[in-house]
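What follows is one structure encoded as structure tokens, with my remarks underneath.
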Amino acid sequence: MILLNSFSYNIAWTYLVLLCAESKVQAFQHHLQRPHHHPSQLDLSHHVVPSPTRTTNSNSNKSIHLCATENDENMVKSSDVVEKTKKREKVMAFLRKVGAVGGNKDFTTAMGVDEGPVGKNSNPMKEIAKTKSAYKWCTETGLIDDMSQPFPGSASGSEWAGFTDQVMGGISKGICTRETVEGRQCNVMKGKVSLYNNGGFIQMATALSTDPAKSLTVDASNFDGVELDVLYNGEDDVEKFNVHLRNSACLRQFSSYRGTFTCNNGKSWETVKIPFSDFVGYGPGSSETPFDPSELRRLGIVAIGKAMEVYLAVSGVRFYKN
């Protein structure tokens with residue numbers, strides 16, 4: 001009986017050992033089947049350092065402590081890299097937001113409906129300009145732009161941008177530059193307007209708000225109209241251009257209030273005025289709403305409605321009072 005029990009005990013013990021060995025083999029096979037990432041592919045932002053296992057061996061304690069310390073240092077370094085990257089991104093965002101550089105504003109292939117949103121120069125290496133608080137709103141002084149700021153910036157803190165009819169399938173082309181013409185710094189809009197495929201305009205435009213964070217519109221109700229200093233050089237002795245104004249009544253991108261001015265062909269500057277009473281609404285919202293200058297969003301200078309070669313220099317844009 002004693003021998004039988006001993007034999008049975010040995011069999012049971014051997015069976016338990018085999019079960020443990022089989023379990024370890026299965027665990028090892030499972031480990032081999034798991035995907036292993038190269039260290040360079042680790043996503044440190046989601047990497048978690050496992051907690052060290054406690055042991056009574058003093059050497060093991062030291063090893064685990066050092067390993068944990070190295071992992072902690074790696075996590076700190078990773079955090080520093082992320083923080084520095086965020087700071088660099090903030091600096092670049094600031095550089096993109098402020099300032100402007102001289103040069104050309106080419107919109108030969110620009111896409112934009114007649115009354116499209118005003119674009120911005122996103123060059124991160126722009127010359128640092130004044131802060132928004134340093135500019136005066138155009139309704140404080142009447143001055144929208146005298147071309148004194150680096151292009152494409154305006155004297156009232158906004159920026160000029162160009163649009164063509166190409167989004168509508170047209171083929172009109174243009175470019176806007178900052179030049180000195182007959183002794184004056186000016187924006188020059190030049191190009192070719194084509195009526196092909198229902199097109200027919202090129203335009204340079206600027207927002208009127210100095211700081212959109214405070215207000216998207218300006219109240220020009222204390223003024224009587226818009227005044228421009230212009231010089232036209234073209235095919236005909238006399239040419240007509242438009243000023244387009246947008247306010248809160250303009251429901252679509254092609255909605256606006258339009259006023260027309262006439263230029264004489266030549267090499268001399270002239271001042272033209274368009275009273276607010278001359279502006280007529282076009283498009284949804286504006287066509288059925290009388291013009292109200294108390295909530296103006298933007299101003300555009302447009303060559304439109306006629307096939308022509310365009311050369312129009314503008315050295316000053318402002319609101320005027322009679």
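Going through the structure tokens in order, the chains are called A, B, and so on, while each chain numbers its residues from 1 and the ligands are numbered from 1 in the order shown.
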Write out as a list of chain:residue names which residues come within 10 Å of Ala249 in chain A when counting only C-alpha atoms, dropping same-chain ones fewer than 4 positions away.
->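 Near Ala249 in chain A, the qualifying residues are A:Ser255, A:Ser256, A:Tyr257, A:Gly281, A:Pro284, A:Gly285, A:Ser286, A:Ser287, A:Glu288, A:Thr289, A:Pro290, A:Phe291, A:Asp292, A:Glu295, A:Leu296.
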Choose the residue, out of A:Val314, A:Leu143, A:Met204, A:Val226, that has the smallest atom-to-atom separation from Ile301 in chain A; count only C-alpha atoms.
->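 Result for the nearest residue to Ile301 in chain A: A:Met204.
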List the neighbours of Met308 in chain A out to 8 Å using only C-alpha atoms; skip same-chain residues closer than 6 positions along the sequence, and give me the result as a list of chain:residue names.
->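 In the requested form, the answer reads A:Lys192, A:Val193, A:Ser194, A:Glu235.
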Go ahead and write the residues just picked, N, CA and C atoms, as a JSON list (two decimals), in the first residue's frame.
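The resulting result_6.json:
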[["chain", "number", "residue", "atom", "x", "y", "z"],
["A", 192, "LYS", "N", -5.58, 90.63, -68.59],
["A", 192, "LYS", "CA", -6.48, 90.58, -69.74],
["A", 192, "LYS", "C", -7.81, 89.99, -69.32],
["A", 193, "VAL", "N", -8.88, 90.74, -69.56],
["A", 193, "VAL", "CA", -10.23, 90.26, -69.28],
["A", 193, "VAL", "C", -10.78, 89.64, -70.55],
["A", 194, "SER", "N", -11.30, 88.42, -70.41],
["A", 194, "SER", "CA", -11.92, 87.71, -71.53],
["A", 194, "SER", "C", -13.36, 87.38, -71.18],
["A", 235, "GLU", "N", -6.00, 100.71, -74.02],
["A", 235, "GLU", "CA", -6.26, 100.82, -75.45],
["A", 235, "GLU", "C", -7.16, 101.99, -75.80]]
Pick from A:Lys86, A:Arg298, A:Lys190, A:Arg258, whichever lies nearest to Asn233 in chain A using only C-alpha atoms |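 Closest to Asn233 in chain A of all the choices is A:Lys190.
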Can you check which residues of range 114-261 of chain A DSSP gives as strand (DSSP E) on the backbone and send them as a PyMOL selection string?
-> chain A and resi 143-145+160-164+173-181+184-193+201-207+225-232+238-247+256-261
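Nearest residue to Lys306 in chain A among A:Asn222, A:Asn265, A:Thr271, A:Ser172 is A:Ser172, counting only C-alpha atoms.
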Looking only at the backbone, which of the residues in range 114-223 of chain A does DSSP tag as alpha helix (DSSP H), as a CSV table (one decimal) with C-alpha atoms, in the first residue's frame?
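Saved result, states.csv, follows:
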chain,number,residue,atom,x,y,z
A,138,CYS,CA,-10.4,103.0,-41.8
A,139,THR,CA,-13.6,104.6,-40.4
A,140,GLU,CA,-11.5,106.6,-37.8
A,141,THR,CA,-9.5,108.4,-40.4
Would you list the contacts of Trp137 in chain A as a PDB file with N, CA, C and O atoms, in the first residue's frame, taking every protein, DNA or RNA residue within 10 Å and counting only C-alpha atoms, but skipping same-chain residues closer than 5 positions in sequence?
ATOM      1  N   LYS A 132      -1.835  94.651 -34.788  1.00  0.00           N
ATOM      2  CA  LYS A 132      -3.170  95.145 -35.113  1.00  0.00           C
ATOM      3  C   LYS A 132      -3.522  96.404 -34.321  1.00  0.00           C
ATOM      4  O   LYS A 132      -4.164  97.317 -34.834  1.00  0.00           O
ATOM      5  N   GLY A 142     -10.830 107.597 -42.318  1.00  0.00           N
ATOM      6  CA  GLY A 142     -11.291 107.571 -43.704  1.00  0.00           C
ATOM      7  C   GLY A 142     -10.318 106.849 -44.620  1.00  0.00           C
ATOM      8  O   GLY A 142     -10.683 106.460 -45.730  1.00  0.00           O
ATOM      9  N   LEU A 143      -9.069 106.642 -44.171  1.00  0.00           N
ATOM     10  CA  LEU A 143      -8.045 106.046 -45.017  1.00  0.00           C
ATOM     11  C   LEU A 143      -8.165 104.525 -45.030  1.00  0.00           C
ATOM     12  O   LEU A 143      -8.083 103.875 -43.992  1.00  0.00           O
ATOM     13  N   ILE A 144      -8.343 103.982 -46.216  1.00  0.00           N
ATOM     14  CA  ILE A 144      -8.333 102.526 -46.400  1.00  0.00           C
ATOM     15  C   ILE A 144      -6.926 102.065 -46.746  1.00  0.00           C
ATOM     16  O   ILE A 144      -6.393 101.140 -46.140  1.00  0.00           O
ATOM     17  N   ALA A 155      -2.732 100.174 -45.237  1.00  0.00           N
ATOM     18  CA  ALA A 155      -2.480 101.132 -44.156  1.00  0.00           C
ATOM     19  C   ALA A 155      -3.461 100.961 -43.003  1.00  0.00           C
ATOM     20  O   ALA A 155      -3.213 101.452 -41.904  1.00  0.00           O
ATOM     21  N   SER A 156      -4.561 100.258 -43.241  1.00  0.00           N
ATOM     22  CA  SER A 156      -5.541 100.041 -42.180  1.00  0.00           C
ATOM     23  C   SER A 156      -5.440  98.645 -41.575  1.00  0.00           C
ATOM     24  O   SER A 156      -6.308  98.235 -40.804  1.00  0.00           O
ATOM     25  N   GLY A 157      -4.396  97.897 -41.927  1.00  0.00           N
ATOM     26  CA  GLY A 157      -4.137  96.625 -41.271  1.00  0.00           C
ATOM     27  C   GLY A 157      -4.676  95.391 -41.952  1.00  0.00           C
ATOM     28  O   GLY A 157      -4.503  94.285 -41.452  1.00  0.00           O
ATOM     29  N   SER A 158      -5.330  95.543 -43.088  1.00  0.00           N
ATOM     30  CA  SER A 158      -5.841  94.381 -43.830  1.00  0.00           C
ATOM     31  C   SER A 158      -4.848  94.022 -44.935  1.00  0.00           C
ATOM     32  O   SER A 158      -3.725  94.525 -44.960  1.00  0.00           O
ATOM     33  N   LEU A 208     -12.110  95.300 -44.980  1.00  0.00           N
ATOM     34  CA  LEU A 208     -12.113  96.645 -44.399  1.00  0.00           C
ATOM     35  C   LEU A 208     -11.893  96.634 -42.892  1.00  0.00           C
ATOM     36  O   LEU A 208     -11.512  97.649 -42.316  1.00  0.00           O
ATOM     37  N   SER A 209     -12.118  95.507 -42.262  1.00  0.00           N
ATOM     38  CA  SER A 209     -11.908  95.410 -40.813  1.00  0.00           C
ATOM     39  C   SER A 209     -10.417  95.337 -40.493  1.00  0.00           C
ATOM     40  O   SER A 209      -9.677  94.579 -41.113  1.00  0.00           O
ATOM     41  N   THR A 210      -9.987  96.144 -39.521  1.00  0.00           N
ATOM     42  CA  THR A 210      -8.601  96.088 -39.069  1.00  0.00           C
ATOM     43  C   THR A 210      -8.350  94.848 -38.235  1.00  0.00           C
ATOM     44  O   THR A 210      -7.308  94.209 -38.351  1.00  0.00           O
ATOM     45  N   ASP A 211      -9.308  94.467 -37.412  1.00  0.00           N
ATOM     46  CA  ASP A 211      -9.153  93.317 -36.530  1.00  0.00           C
ATOM     47  C   ASP A 211     -10.440  92.496 -36.531  1.00  0.00           C
ATOM     48  O   ASP A 211     -11.391  92.811 -35.813  1.00  0.00           O
ATOM     49  N   VAL A 218     -17.184  97.321 -40.739  1.00  0.00           N
ATOM     50  CA  VAL A 218     -16.914  98.697 -40.299  1.00  0.00           C
ATOM     51  C   VAL A 218     -18.138  99.552 -40.593  1.00  0.00           C
ATOM     52  O   VAL A 218     -18.896  99.278 -41.525  1.00  0.00           O
TER      53      VAL A 218
END
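The residue set within 6 Å of Ser294 in chain A, counting only C-alpha atoms and dropping same-chain residues fewer than 2 places from it, reads Asp219, Ala220, Ser221 and Asp292 of chain A.
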How about saving the chosen residues, N, CA and C atoms kept, as a PDB file, in the first residue's frame?
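Resulting contents of again_18.pdb:
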ATOM      1  N   ASP A 219     -18.309 100.589 -39.820  1.00  0.00           N
ATOM      2  CA  ASP A 219     -19.437 101.508 -39.988  1.00  0.00           C
ATOM      3  C   ASP A 219     -18.938 102.772 -40.680  1.00  0.00           C
ATOM      4  N   ALA A 220     -19.258 102.891 -41.969  1.00  0.00           N
ATOM      5  CA  ALA A 220     -18.846 104.052 -42.751  1.00  0.00           C
ATOM      6  C   ALA A 220     -20.003 105.012 -42.994  1.00  0.00           C
ATOM      7  N   SER A 221     -21.018 104.951 -42.144  1.00  0.00           N
ATOM      8  CA  SER A 221     -22.208 105.780 -42.357  1.00  0.00           C
ATOM      9  C   SER A 221     -21.943 107.265 -42.144  1.00  0.00           C
ATOM     10  N   ASP A 292     -26.565  99.995 -47.436  1.00  0.00           N
ATOM     11  CA  ASP A 292     -26.345 100.501 -46.079  1.00  0.00           C
ATOM     12  C   ASP A 292     -24.851 100.428 -45.778  1.00  0.00           C
TER      13      ASP A 292
END
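Interatomic distance, CA of Glu182 in chain A to CA of Leu231 in chain A: 9.2 Å.
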